[in-house]
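Q: This is the content of model.cif (mmCIF, C-alpha atoms):
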```
data_structure
loop_
_atom_site.label_atom_id
_atom_site.label_comp_id
_atom_site.auth_asym_id
_atom_site.auth_seq_id
_atom_site.Cartn_x
_atom_site.Cartn_y
_atom_site.Cartn_z
CA MET K 626 -10.62 97.91 -26.02
CA PRO K 627 -8.21 100.36 -27.78
CA GLY K 628 -7.65 97.71 -30.42
CA GLN K 629 -11.39 97.37 -30.97
CA VAL K 630 -11.77 101.12 -31.31
CA ALA K 631 -8.92 101.29 -33.81
CA LEU K 632 -10.45 98.43 -35.77
CA SER K 633 -13.83 100.17 -35.85
CA VAL K 634 -12.27 103.41 -37.05
CA ALA K 635 -10.32 101.56 -39.73
CA ALA K 636 -13.45 99.71 -40.85
CA ALA K 637 -15.40 102.95 -41.04
CA ALA K 638 -12.64 104.59 -43.06
CA LEU K 639 -12.65 101.62 -45.43
CA VAL K 640 -16.42 101.85 -45.91
CA ALA K 641 -16.14 105.56 -46.59
CA ALA K 642 -13.33 104.97 -49.06
CA LEU K 643 -15.36 102.37 -50.91
CA PHE K 644 -18.25 104.77 -51.25
CA LEU K 645 -15.99 107.54 -52.45
CA LEU K 646 -14.23 105.39 -55.02
CA ARG K 647 -17.50 104.25 -56.57
CA ARG K 648 -18.72 106.24 -59.55
CA GLU K 649 -22.32 107.32 -59.32
CA ASP K 650 -24.31 106.23 -62.35
CA ALA K 651 -25.90 109.16 -64.08
CA GLY K 652 -29.33 108.11 -65.28
CA PRO K 653 -32.44 109.47 -66.90
CA GLY K 654 -34.39 112.04 -64.96
CA ALA K 655 -31.16 113.39 -63.51
CA GLY K 656 -32.11 116.73 -62.01
CA PRO K 657 -34.80 119.37 -61.85
CA SER K 658 -34.82 122.53 -63.90
CA MET K 659 -36.13 125.94 -62.91
CA ASP K 660 -39.39 125.01 -64.60
CA ASP K 661 -39.77 122.15 -62.12
CA THR K 662 -39.39 124.56 -59.20
CA GLU K 663 -42.03 126.92 -60.56
CA ALA K 664 -44.44 124.13 -61.49
CA LEU K 665 -44.18 122.10 -58.28
CA PRO K 666 -47.18 123.64 -56.44
CA LYS K 667 -49.39 122.94 -59.45
CA LEU K 668 -47.92 119.46 -59.87
CA ARG K 669 -48.71 118.73 -56.25
CA GLU K 670 -52.29 119.92 -56.55
CA ASP K 671 -52.86 118.05 -59.80
CA PHE K 672 -51.40 114.92 -58.24
CA ARG K 673 -53.75 115.18 -55.25
CA MET K 674 -56.72 115.45 -57.56
CA GLN K 675 -55.90 112.03 -59.06
CA ASN K 676 -56.79 110.34 -55.74
CA LYS K 677 -54.00 107.82 -56.00
CA SER K 678 -53.24 105.17 -53.41
CA VAL K 679 -49.77 104.28 -52.16
CA PHE K 680 -48.03 101.61 -50.14
CA ILE K 681 -44.75 101.80 -48.28
CA LEU K 682 -42.50 98.86 -47.49
CA GLY K 683 -40.00 99.54 -44.73
CA ALA K 684 -41.85 102.39 -42.99
CA SER K 685 -40.16 101.52 -39.70
CA GLY K 686 -36.73 102.33 -41.15
CA GLU K 687 -35.19 105.79 -41.18
CA THR K 688 -35.98 106.72 -44.79
CA GLY K 689 -39.39 105.03 -44.79
CA ARG K 690 -40.38 106.80 -41.58
CA VAL K 691 -39.49 110.23 -42.99
CA LEU K 692 -41.15 109.38 -46.31
CA LEU K 693 -44.41 108.50 -44.54
CA LYS K 694 -44.30 111.74 -42.54
CA GLN K 695 -43.85 113.83 -45.69
CA ILE K 696 -46.59 111.96 -47.55
CA LEU K 697 -49.05 112.74 -44.76
CA GLU K 698 -47.94 116.37 -44.48
CA GLN K 699 -48.47 116.92 -48.19
CA ARG K 700 -51.72 114.92 -48.37
CA LEU K 701 -50.67 113.58 -51.75
CA PHE K 702 -52.53 110.27 -51.67
CA SER K 703 -56.14 109.40 -50.93
CA LYS K 704 -55.07 106.14 -49.27
CA VAL K 705 -51.80 105.29 -47.53
CA THR K 706 -50.94 101.71 -46.61
CA LEU K 707 -47.96 100.38 -44.70
CA ILE K 708 -46.92 96.81 -45.38
CA GLY K 709 -44.67 95.26 -42.76
CA ARG K 710 -44.01 92.42 -40.37
CA ARG K 711 -45.53 94.25 -37.40
CA LYS K 712 -48.00 97.00 -36.71
CA LEU K 713 -46.45 100.38 -35.97
CA THR K 714 -47.70 102.65 -33.22
CA PHE K 715 -48.22 106.36 -33.87
CA ASP K 716 -49.34 109.02 -31.40
CA GLU K 717 -49.89 111.87 -33.85
CA GLU K 718 -53.40 112.56 -35.13
CA ALA K 719 -52.13 112.75 -38.73
CA TYR K 720 -51.47 109.00 -38.72
CA LYS K 721 -54.97 107.92 -37.68
CA ASN K 722 -56.12 107.06 -41.21
CA VAL K 723 -53.01 105.16 -42.22
CA ASN K 724 -53.81 101.56 -43.13
CA GLN K 725 -51.50 98.83 -41.93
CA GLU K 726 -51.12 95.37 -43.41
CA VAL K 727 -49.15 92.95 -41.25
CA VAL K 728 -47.55 90.20 -43.33
CA ASP K 729 -45.22 87.24 -42.94
CA PHE K 730 -42.45 87.89 -45.45
CA GLU K 731 -41.63 84.19 -45.49
CA LYS K 732 -45.13 83.46 -46.80
CA LEU K 733 -45.89 86.53 -48.91
CA ASP K 734 -48.05 84.63 -51.38
CA ASP K 735 -50.58 84.24 -48.57
CA TYR K 736 -50.82 88.04 -48.31
CA ALA K 737 -51.27 88.96 -51.96
CA SER K 738 -54.37 91.02 -51.09
CA ALA K 739 -52.17 93.47 -49.12
CA PHE K 740 -50.50 94.47 -52.39
CA GLN K 741 -53.66 94.97 -54.42
CA GLY K 742 -55.15 98.28 -55.49
CA HIS K 743 -52.15 100.58 -55.11
CA ASP K 744 -51.12 103.03 -57.83
CA VAL K 745 -47.68 103.81 -56.40
CA GLY K 746 -45.31 101.76 -54.28
CA PHE K 747 -42.24 102.82 -52.31
CA CYS K 748 -39.82 100.13 -51.20
CA CYS K 749 -37.43 101.18 -48.43
CA LEU K 750 -37.05 97.65 -47.11
CA GLY K 751 -33.63 96.53 -45.96
CA THR K 752 -31.45 95.16 -43.19
CA THR K 753 -27.74 94.71 -42.54
CA LYS K 754 -25.38 91.77 -42.72
CA LYS K 755 -24.38 92.40 -39.10
CA LYS K 756 -27.97 92.29 -37.90
CA ALA K 757 -29.32 89.43 -40.02
CA GLY K 758 -26.19 87.58 -41.16
CA ALA K 759 -25.23 87.16 -44.82
CA GLU K 760 -28.08 84.76 -45.57
CA GLY K 761 -30.64 86.92 -43.77
CA PHE K 762 -29.42 90.04 -45.54
CA VAL K 763 -29.86 88.42 -48.96
CA ARG K 764 -33.30 87.13 -47.99
CA VAL K 765 -34.54 90.57 -46.93
CA ASP K 766 -32.82 92.88 -49.41
CA ARG K 767 -33.26 90.62 -52.42
CA ASP K 768 -35.91 87.94 -51.90
CA TYR K 769 -38.43 89.94 -49.86
CA VAL K 770 -38.06 92.99 -52.08
CA LEU K 771 -38.41 91.02 -55.31
CA LYS K 772 -41.42 89.02 -54.12
CA SER K 773 -43.10 92.21 -52.89
CA ALA K 774 -42.50 93.83 -56.27
CA GLU K 775 -44.00 90.81 -58.05
CA LEU K 776 -47.14 90.96 -55.91
CA ALA K 777 -47.38 94.74 -56.35
CA LYS K 778 -47.18 94.38 -60.13
CA ALA K 779 -49.85 91.67 -60.08
CA GLY K 780 -51.96 93.87 -57.81
CA GLY K 781 -52.00 96.77 -60.28
CA CYS K 782 -49.17 99.01 -59.10
CA LYS K 783 -48.09 101.32 -61.92
CA HIS K 784 -45.11 103.14 -60.43
CA PHE K 785 -42.61 101.23 -58.28
CA ASN K 786 -39.91 103.16 -56.42
CA LEU K 787 -36.89 101.29 -55.08
CA LEU K 788 -34.43 102.67 -52.54
CA SER K 789 -31.07 101.16 -53.51
CA SER K 790 -27.51 102.37 -52.98
CA ILE K 791 -24.66 104.15 -54.66
CA GLY K 792 -22.42 101.62 -56.38
CA ALA K 793 -25.13 98.96 -56.77
CA ASP K 794 -23.76 96.40 -59.23
CA LYS K 795 -24.83 92.78 -59.64
CA SER K 796 -21.26 91.96 -60.70
CA SER K 797 -19.68 93.51 -57.61
CA ASN K 798 -17.40 91.48 -55.34
CA PHE K 799 -19.05 93.13 -52.32
CA LEU K 800 -22.17 91.30 -51.16
CA PHE K 801 -24.07 94.49 -50.28
CA LEU K 802 -23.55 96.12 -53.66
CA GLN K 803 -24.05 92.84 -55.53
CA VAL K 804 -27.43 92.19 -53.88
CA LYS K 805 -28.58 95.75 -54.48
CA GLY K 806 -27.61 95.54 -58.15
CA GLU K 807 -29.21 92.14 -58.59
CA VAL K 808 -32.56 93.15 -57.14
CA GLU K 809 -32.56 96.33 -59.25
CA ALA K 810 -32.18 94.24 -62.41
CA ARG K 811 -34.72 91.62 -61.43
CA VAL K 812 -37.39 94.16 -60.53
CA GLU K 813 -36.81 95.83 -63.89
CA GLU K 814 -37.73 92.56 -65.56
CA LEU K 815 -41.25 92.86 -64.09
CA LYS K 816 -41.93 95.73 -66.54
CA PHE K 817 -43.73 98.24 -64.35
CA ASP K 818 -45.26 101.15 -66.25
CA ARG K 819 -42.68 103.26 -64.42
CA TYR K 820 -39.76 102.08 -62.32
CA SER K 821 -37.61 104.56 -60.35
CA ILE K 822 -34.37 103.51 -58.67
CA PHE K 823 -32.79 105.81 -56.09
CA ARG K 824 -29.09 105.35 -55.42
CA PRO K 825 -28.13 107.62 -52.53
CA GLY K 826 -24.68 107.81 -51.02
CA VAL K 827 -24.17 107.58 -47.27
CA LEU K 828 -27.53 108.25 -45.61
CA LEU K 829 -27.22 110.95 -42.98
CA CYS K 830 -29.58 110.49 -40.05
CA GLU K 831 -29.70 109.86 -36.35
CA ARG K 832 -30.80 106.24 -36.27
CA GLN K 833 -33.08 104.95 -33.53
CA GLU K 834 -30.93 101.81 -33.68
CA PHE K 835 -27.30 102.61 -32.90
CA ARG K 836 -24.87 101.30 -35.51
CA PRO K 837 -21.26 102.14 -34.51
CA GLY K 838 -19.85 101.72 -38.00
CA GLU K 839 -22.41 104.03 -39.61
CA TRP K 840 -21.99 106.53 -36.76
CA LEU K 841 -18.27 106.75 -37.47
CA VAL K 842 -18.90 107.15 -41.20
CA ARG K 843 -21.37 109.99 -40.54
CA LYS K 844 -18.79 111.66 -38.29
CA PHE K 845 -16.23 111.26 -41.07
CA PHE K 846 -18.46 113.05 -43.56
CA GLY K 847 -19.31 115.67 -40.96
CA CYS K 848 -15.65 116.70 -40.89
CA LEU K 849 -15.50 117.23 -44.65
CA PRO K 850 -16.25 120.44 -46.56
CA GLU K 851 -19.97 120.61 -47.26
CA SER K 852 -19.58 120.70 -51.04
CA TRP K 853 -17.42 117.58 -51.02
CA ALA K 854 -19.53 115.63 -48.52
CA ARG K 855 -22.64 116.52 -50.53
CA GLY K 856 -21.32 114.56 -53.48
CA HIS K 857 -21.15 111.33 -51.51
CA SER K 858 -23.76 111.59 -48.76
CA VAL K 859 -27.34 112.80 -48.37
CA PRO K 860 -29.80 113.41 -45.50
CA VAL K 861 -32.73 110.99 -45.40
CA GLU K 862 -35.11 113.98 -45.48
CA THR K 863 -33.67 114.96 -48.85
CA VAL K 864 -34.08 111.41 -50.15
CA ALA K 865 -37.74 111.34 -49.11
CA ARG K 866 -38.43 114.71 -50.74
CA ALA K 867 -36.72 113.58 -53.93
CA MET K 868 -38.79 110.40 -54.07
CA LEU K 869 -42.04 112.35 -53.72
CA ASN K 870 -41.10 115.18 -56.05
CA ASN K 871 -40.08 112.64 -58.67
CA ALA K 872 -43.34 110.70 -58.27
CA MET K 873 -45.34 113.85 -59.01
CA ARG K 874 -43.42 114.57 -62.22
CA ALA K 875 -44.65 113.16 -65.49
CA SER K 876 -42.09 110.89 -67.11
CA ASN K 877 -41.87 108.95 -70.35
CA GLN K 878 -39.08 106.81 -68.93
CA LYS K 879 -39.98 103.21 -68.19
CA MET K 880 -36.95 102.98 -65.92
CA GLU K 881 -34.97 105.80 -64.36
CA LEU K 882 -31.83 105.80 -62.21
CA LEU K 883 -31.43 108.72 -59.84
CA ASP K 884 -27.94 109.07 -58.42
CA ASN K 885 -26.85 111.02 -55.37
CA LYS K 886 -26.63 114.32 -57.28
CA ALA K 887 -30.09 113.89 -58.80
CA ILE K 888 -31.48 113.08 -55.36
CA HIS K 889 -29.95 116.27 -53.95
CA ASP K 890 -31.29 118.34 -56.86
CA LEU K 891 -34.82 116.94 -56.63
CA GLY K 892 -34.85 116.98 -52.85
CA LYS K 893 -33.96 120.63 -52.50
CA ILE K 894 -36.93 121.88 -54.51
CA ASP K 895 -39.55 123.62 -52.39
CA THR K 896 -38.09 122.37 -49.13
CA SER K 897 -41.17 123.32 -47.08
CA LEU K 898 -43.34 120.85 -49.02
CA LYS K 899 -46.38 121.70 -46.92
CA PRO K 900 -49.79 122.59 -48.36
#
```
How does the structure come out when it is put into structure tokens?
A:
Amino acid sequence: MPGQVALSVAAAALVAALFLLRREDAGPGAGPSMDDTEALPKLREDFRMQNKSVFILGASGETGRVLLKQILEQRLFSKVTLIGRRKLTFDEEAYKNVNQEVVDFEKLDDYASAFQGHDVGFCCLGTTKKKAGAEGFVRVDRDYVLKSAELAKAGGCKHFNLLSSIGADKSSNFLFLQVKGEVEARVEELKFDRYSIFRPGVLLCERQEFRPGEWLVRKFFGCLPESWARGHSVPVETVARAMLNNAMRASNQKMELLDNKAIHDLGKIDTSLKP
């Protein structure tokens, strides 16, 4: 048992070191200015008036769950649809009008209608190599995501938002980073009117599913000075706020990369985010 604990700690330290050694790619749409802060209430109201529809892939995950909650709190979209492999159960009244499309990701072509008629799409879909195996991880994080993006584009989606990871690189020797980089590039080839990639560092959250390795990494960052940890980690609530604040902003960028710093900057604007 002590050996297993030591191995887990060493593995967590290695993961943390890999994250820290990776350079974050600075991309277009980097961070908000003071004008963004002052204009956000008007942006939000103008966005509501457009009566846009949205779908979320991966709403059962930590980031997707928080993103859905914030979307409903802000009442930004006239129609909210969850696309997933099972129907989710909600007790709160705010969720009563959420549409749910249950699909078989192995046969997504049979469910093309689920992806039709959405203006904006958020993809927070993902699994882990430990949970699904290497082949299963690639199938979910690359194949399912790419096929969903293809169907969304064919269904009329204008703005596709992809939750990726710091260090994503299709040429990486690490499977996780390689897959993330590959799917980023392949979705870009679909030529959405607007394509936003979010590359957060270590996601800080209390997962419903206990993952010992991630727990140790979060503890590691919790021991660091806040200013230093902030450069390489981010709470999922901040990621969700950044995704929504960015969606409301007008942009002439066909493709934008938002690194961990940009996510922090966008996610801290108007932290209440309630109407």
Q: So how far away is CA of Val859 (chain K) from CA of Val827 (chain K), in Å?
A: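 One can read the CA of Val827 (chain K) to CA of Val859 (chain K) distance as 6.2 Å.
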Q: Using the chain letters and numbers from this file, what does the PyMOL selection byres ((chain K and resi 700) around 12) select? Give the answer as JSON, numbers by chain.
A: {"K": [669, 670, 671, 672, 673, 674, 675, 676, 677, 678, 679, 693, 694, 695, 696, 697, 698, 699, 701, 702, 703, 704, 705, 719, 720, 722, 723, 869, 898, 899, 900]}
Q: Could you tell me how far CA of Gly686 (chain K) sits from CA of Lys886 (chain K), in Å to one decimal place?
A: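 CA of Gly686 (chain K) lies 22.5 Å from CA of Lys886 (chain K).
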Q: Where does the PyMOL selection byres ((chain K and resi 746) around 8) land in this file, that is, which residues does it pick, as a list in words?
A: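 Selected by the PyMOL selection byres ((chain K and resi 746) around 8) here: Val679, Phe680, Ile681, Leu682, His743, Asp744, Val745, Phe747, Cys748, Ala777, Cys782, His784, Phe785 and Asn786 of chain K.
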Q: How far is it from CA of Ala793 (chain K) to CA of Asp729 (chain K), in Å with one decimal?
A: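 So the two atoms, CA of Ala793 (chain K) and CA of Asp729 (chain K), lie 27.1 Å apart.
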Q: Using all atoms listed in the file for the distances, tell me which of K:His857, K:Leu733, K:Arg711, K:Ser821 is nearest to Gln878 (chain K).
A: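 Closest to Gln878 (chain K) of all the choices is K:Ser821.
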Q: Determine the nearest neighbour of Thr753 (chain K) from the options K:Leu883, K:Ala810, K:Ile708, K:Val765, counting only C-alpha atoms.
A: K:Val765
Q: Counting only C-alpha atoms, note down every residue that has an atom within 12 Å of the point (-40.1, 110.1, -40.9) (file coordinates), as number ranges by chain.
A: K: 683-698, 715, 720, 749, 830-833, 860-866
Q: Can you spell out as a list in words the set of residues that the PyMOL selection byres ((chain K and resi 727) around 6) selects in the structure I just provided?
A: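 On this input, the PyMOL selection byres ((chain K and resi 727) around 6) captures Gly709, Arg710, Arg711, Glu726 and Val728 of chain K.
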Q: Which residue is closest to Gly781 (chain K)? Choose from K:Phe762, K:Phe817, K:Tyr736, K:Phe823 and count all atoms listed in the file.
A: K:Phe817
Q: Using all atoms listed in the file, can you tell me which of K:Val770, K:Ser858, K:Arg824, K:Asp735 comes closest to Asp794 (chain K)?
A: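 Comparing K:Val770, K:Ser858, K:Arg824, K:Asp735 against Asp794 (chain K), the winner is K:Arg824.
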Q: Can you pull out every residue within 8 Å of Glu807 (chain K), counting all atoms listed in the file, but drop anything in the same chain fewer than 3 positions away, and send it as a list in words?
A: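 Using all atoms listed in the file, the neighbours found are Arg767, Asp794, Lys795, Gln803, Val804, Ala810 and Arg811 of chain K.
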Q: From the options K:Ala739, K:Lys732, K:Leu788, K:Gly806, which residue's atoms come nearest to Ile888 (chain K), counting only C-alpha atoms?
A: K:Leu788
Q: Show me that you can extract region 730-760 of chain K, keeping N, CA, C and O atoms, and write it as an mmCIF file, in the first residue's frame.
A:
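Contents of decode08.cif, freshly written:
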```cif
data_model
loop_
_atom_site.group_PDB
_atom_site.id
_atom_site.type_symbol
_atom_site.label_atom_id
_atom_site.label_comp_id
_atom_site.auth_asym_id
_atom_site.auth_seq_id
_atom_site.Cartn_x
_atom_site.Cartn_y
_atom_site.Cartn_z
ATOM 1 N N PHE K 730 -23.695 7.386 -29.693
ATOM 2 C CA PHE K 730 -22.534 8.010 -30.316
ATOM 3 C C PHE K 730 -21.844 7.096 -31.324
ATOM 4 O O PHE K 730 -21.060 7.569 -32.145
ATOM 5 N N GLU K 731 -22.135 5.812 -31.265
ATOM 6 C CA GLU K 731 -21.563 4.892 -32.245
ATOM 7 C C GLU K 731 -22.327 4.946 -33.574
ATOM 8 O O GLU K 731 -21.852 4.440 -34.585
ATOM 9 N N LYS K 732 -23.517 5.542 -33.537
ATOM 10 C CA LYS K 732 -24.352 5.617 -34.744
ATOM 11 C C LYS K 732 -24.895 7.033 -34.915
ATOM 12 O O LYS K 732 -26.083 7.235 -35.154
ATOM 13 N N LEU K 733 -24.026 8.019 -34.809
ATOM 14 C CA LEU K 733 -24.472 9.408 -34.778
ATOM 15 C C LEU K 733 -25.195 9.842 -36.052
ATOM 16 O O LEU K 733 -26.061 10.713 -35.998
ATOM 17 N N ASP K 734 -24.856 9.246 -37.173
ATOM 18 C CA ASP K 734 -25.545 9.612 -38.414
ATOM 19 C C ASP K 734 -27.045 9.378 -38.324
ATOM 20 O O ASP K 734 -27.830 10.048 -38.996
ATOM 21 N N ASP K 735 -27.449 8.440 -37.480
ATOM 22 C CA ASP K 735 -28.875 8.146 -37.311
ATOM 23 C C ASP K 735 -29.575 9.216 -36.473
ATOM 24 O O ASP K 735 -30.806 9.201 -36.371
ATOM 25 N N TYR K 736 -28.802 10.104 -35.875
ATOM 26 C CA TYR K 736 -29.376 11.119 -34.982
ATOM 27 C C TYR K 736 -29.050 12.532 -35.466
ATOM 28 O O TYR K 736 -28.950 13.467 -34.668
ATOM 29 N N ALA K 737 -28.923 12.690 -36.767
ATOM 30 C CA ALA K 737 -28.569 13.991 -37.334
ATOM 31 C C ALA K 737 -29.574 15.076 -36.939
ATOM 32 O O ALA K 737 -29.203 16.246 -36.763
ATOM 33 N N SER K 738 -30.833 14.706 -36.778
ATOM 34 C CA SER K 738 -31.872 15.686 -36.436
ATOM 35 C C SER K 738 -31.611 16.350 -35.087
ATOM 36 O O SER K 738 -32.035 17.485 -34.849
ATOM 37 N N ALA K 739 -30.914 15.637 -34.181
ATOM 38 C CA ALA K 739 -30.622 16.206 -32.856
ATOM 39 C C ALA K 739 -29.700 17.412 -32.958
ATOM 40 O O ALA K 739 -29.683 18.273 -32.069
ATOM 41 N N PHE K 740 -28.943 17.508 -34.045
ATOM 42 C CA PHE K 740 -27.969 18.573 -34.214
ATOM 43 C C PHE K 740 -28.469 19.700 -35.115
ATOM 44 O O PHE K 740 -27.718 20.615 -35.423
ATOM 45 N N GLN K 741 -29.708 19.637 -35.512
ATOM 46 C CA GLN K 741 -30.240 20.635 -36.433
ATOM 47 C C GLN K 741 -30.897 21.802 -35.697
ATOM 48 O O GLN K 741 -31.509 21.619 -34.649
ATOM 49 N N GLY K 742 -30.713 23.006 -36.266
ATOM 50 C CA GLY K 742 -31.425 24.170 -35.769
ATOM 51 C C GLY K 742 -30.820 24.876 -34.582
ATOM 52 O O GLY K 742 -31.507 25.622 -33.891
ATOM 53 N N HIS K 743 -29.528 24.665 -34.339
ATOM 54 C CA HIS K 743 -28.860 25.329 -33.214
ATOM 55 C C HIS K 743 -27.909 26.402 -33.735
ATOM 56 O O HIS K 743 -27.138 26.163 -34.656
ATOM 57 N N ASP K 744 -27.960 27.572 -33.127
ATOM 58 C CA ASP K 744 -27.069 28.665 -33.522
ATOM 59 C C ASP K 744 -25.679 28.505 -32.923
ATOM 60 O O ASP K 744 -24.673 28.821 -33.559
ATOM 61 N N VAL K 745 -25.636 28.035 -31.668
ATOM 62 C CA VAL K 745 -24.386 27.933 -30.921
ATOM 63 C C VAL K 745 -24.261 26.524 -30.356
ATOM 64 O O VAL K 745 -25.247 25.928 -29.925
ATOM 65 N N GLY K 746 -23.057 25.994 -30.376
ATOM 66 C CA GLY K 746 -22.802 24.690 -29.784
ATOM 67 C C GLY K 746 -21.619 24.732 -28.840
ATOM 68 O O GLY K 746 -20.604 25.369 -29.131
ATOM 69 N N PHE K 747 -21.763 24.074 -27.691
ATOM 70 C CA PHE K 747 -20.669 23.940 -26.733
ATOM 71 C C PHE K 747 -20.332 22.464 -26.592
ATOM 72 O O PHE K 747 -21.210 21.659 -26.260
ATOM 73 N N CYS K 748 -19.089 22.117 -26.842
ATOM 74 C CA CYS K 748 -18.659 20.730 -26.712
ATOM 75 C C CYS K 748 -17.727 20.582 -25.516
ATOM 76 O O CYS K 748 -16.591 21.062 -25.540
ATOM 77 N N CYS K 749 -18.229 19.925 -24.472
ATOM 78 C CA CYS K 749 -17.441 19.638 -23.274
ATOM 79 C C CYS K 749 -17.282 18.125 -23.117
ATOM 80 O O CYS K 749 -17.074 17.619 -22.015
ATOM 81 N N LEU K 750 -17.404 17.425 -24.222
ATOM 82 C CA LEU K 750 -17.372 15.969 -24.222
ATOM 83 C C LEU K 750 -15.958 15.464 -23.983
ATOM 84 O O LEU K 750 -14.997 15.997 -24.535
ATOM 85 N N GLY K 751 -15.838 14.416 -23.172
ATOM 86 C CA GLY K 751 -14.518 13.847 -22.939
ATOM 87 C C GLY K 751 -14.551 12.725 -21.929
ATOM 88 O O GLY K 751 -15.498 12.589 -21.150
ATOM 89 N N THR K 752 -13.524 11.904 -21.950
ATOM 90 C CA THR K 752 -13.374 10.825 -20.979
ATOM 91 C C THR K 752 -11.901 10.732 -20.609
ATOM 92 O O THR K 752 -11.123 11.650 -20.911
ATOM 93 N N THR K 753 -11.505 9.665 -19.970
ATOM 94 C CA THR K 753 -10.107 9.486 -19.595
ATOM 95 C C THR K 753 -9.608 8.138 -20.094
ATOM 96 O O THR K 753 -10.377 7.205 -20.318
ATOM 97 N N LYS K 754 -8.307 8.055 -20.273
ATOM 98 C CA LYS K 754 -7.693 6.800 -20.708
ATOM 99 C C LYS K 754 -7.905 5.718 -19.661
ATOM 100 O O LYS K 754 -8.137 4.546 -19.992
ATOM 101 N N LYS K 755 -7.864 6.092 -18.381
ATOM 102 C CA LYS K 755 -8.051 5.123 -17.313
ATOM 103 C C LYS K 755 -9.461 4.546 -17.331
ATOM 104 O O LYS K 755 -9.669 3.355 -17.106
ATOM 105 N N LYS K 756 -10.433 5.393 -17.623
ATOM 106 C CA LYS K 756 -11.823 4.962 -17.590
ATOM 107 C C LYS K 756 -12.215 4.191 -18.847
ATOM 108 O O LYS K 756 -12.946 3.199 -18.774
ATOM 109 N N ALA K 757 -11.754 4.634 -20.000
ATOM 110 C CA ALA K 757 -12.209 4.048 -21.264
ATOM 111 C C ALA K 757 -11.130 3.256 -21.991
ATOM 112 O O ALA K 757 -11.422 2.619 -23.004
ATOM 113 N N GLY K 758 -9.879 3.281 -21.493
ATOM 114 C CA GLY K 758 -8.788 2.661 -22.225
ATOM 115 C C GLY K 758 -8.319 3.587 -23.328
ATOM 116 O O GLY K 758 -9.018 4.545 -23.685
ATOM 117 N N ALA K 759 -7.151 3.326 -23.891
ATOM 118 C CA ALA K 759 -6.594 4.207 -24.919
ATOM 119 C C ALA K 759 -7.508 4.299 -26.126
ATOM 120 O O ALA K 759 -7.785 5.379 -26.643
ATOM 121 N N GLU K 760 -8.012 3.159 -26.589
ATOM 122 C CA GLU K 760 -8.882 3.152 -27.765
ATOM 123 C C GLU K 760 -10.188 3.885 -27.495
ATOM 124 O O GLU K 760 -10.669 4.659 -28.330
#
```
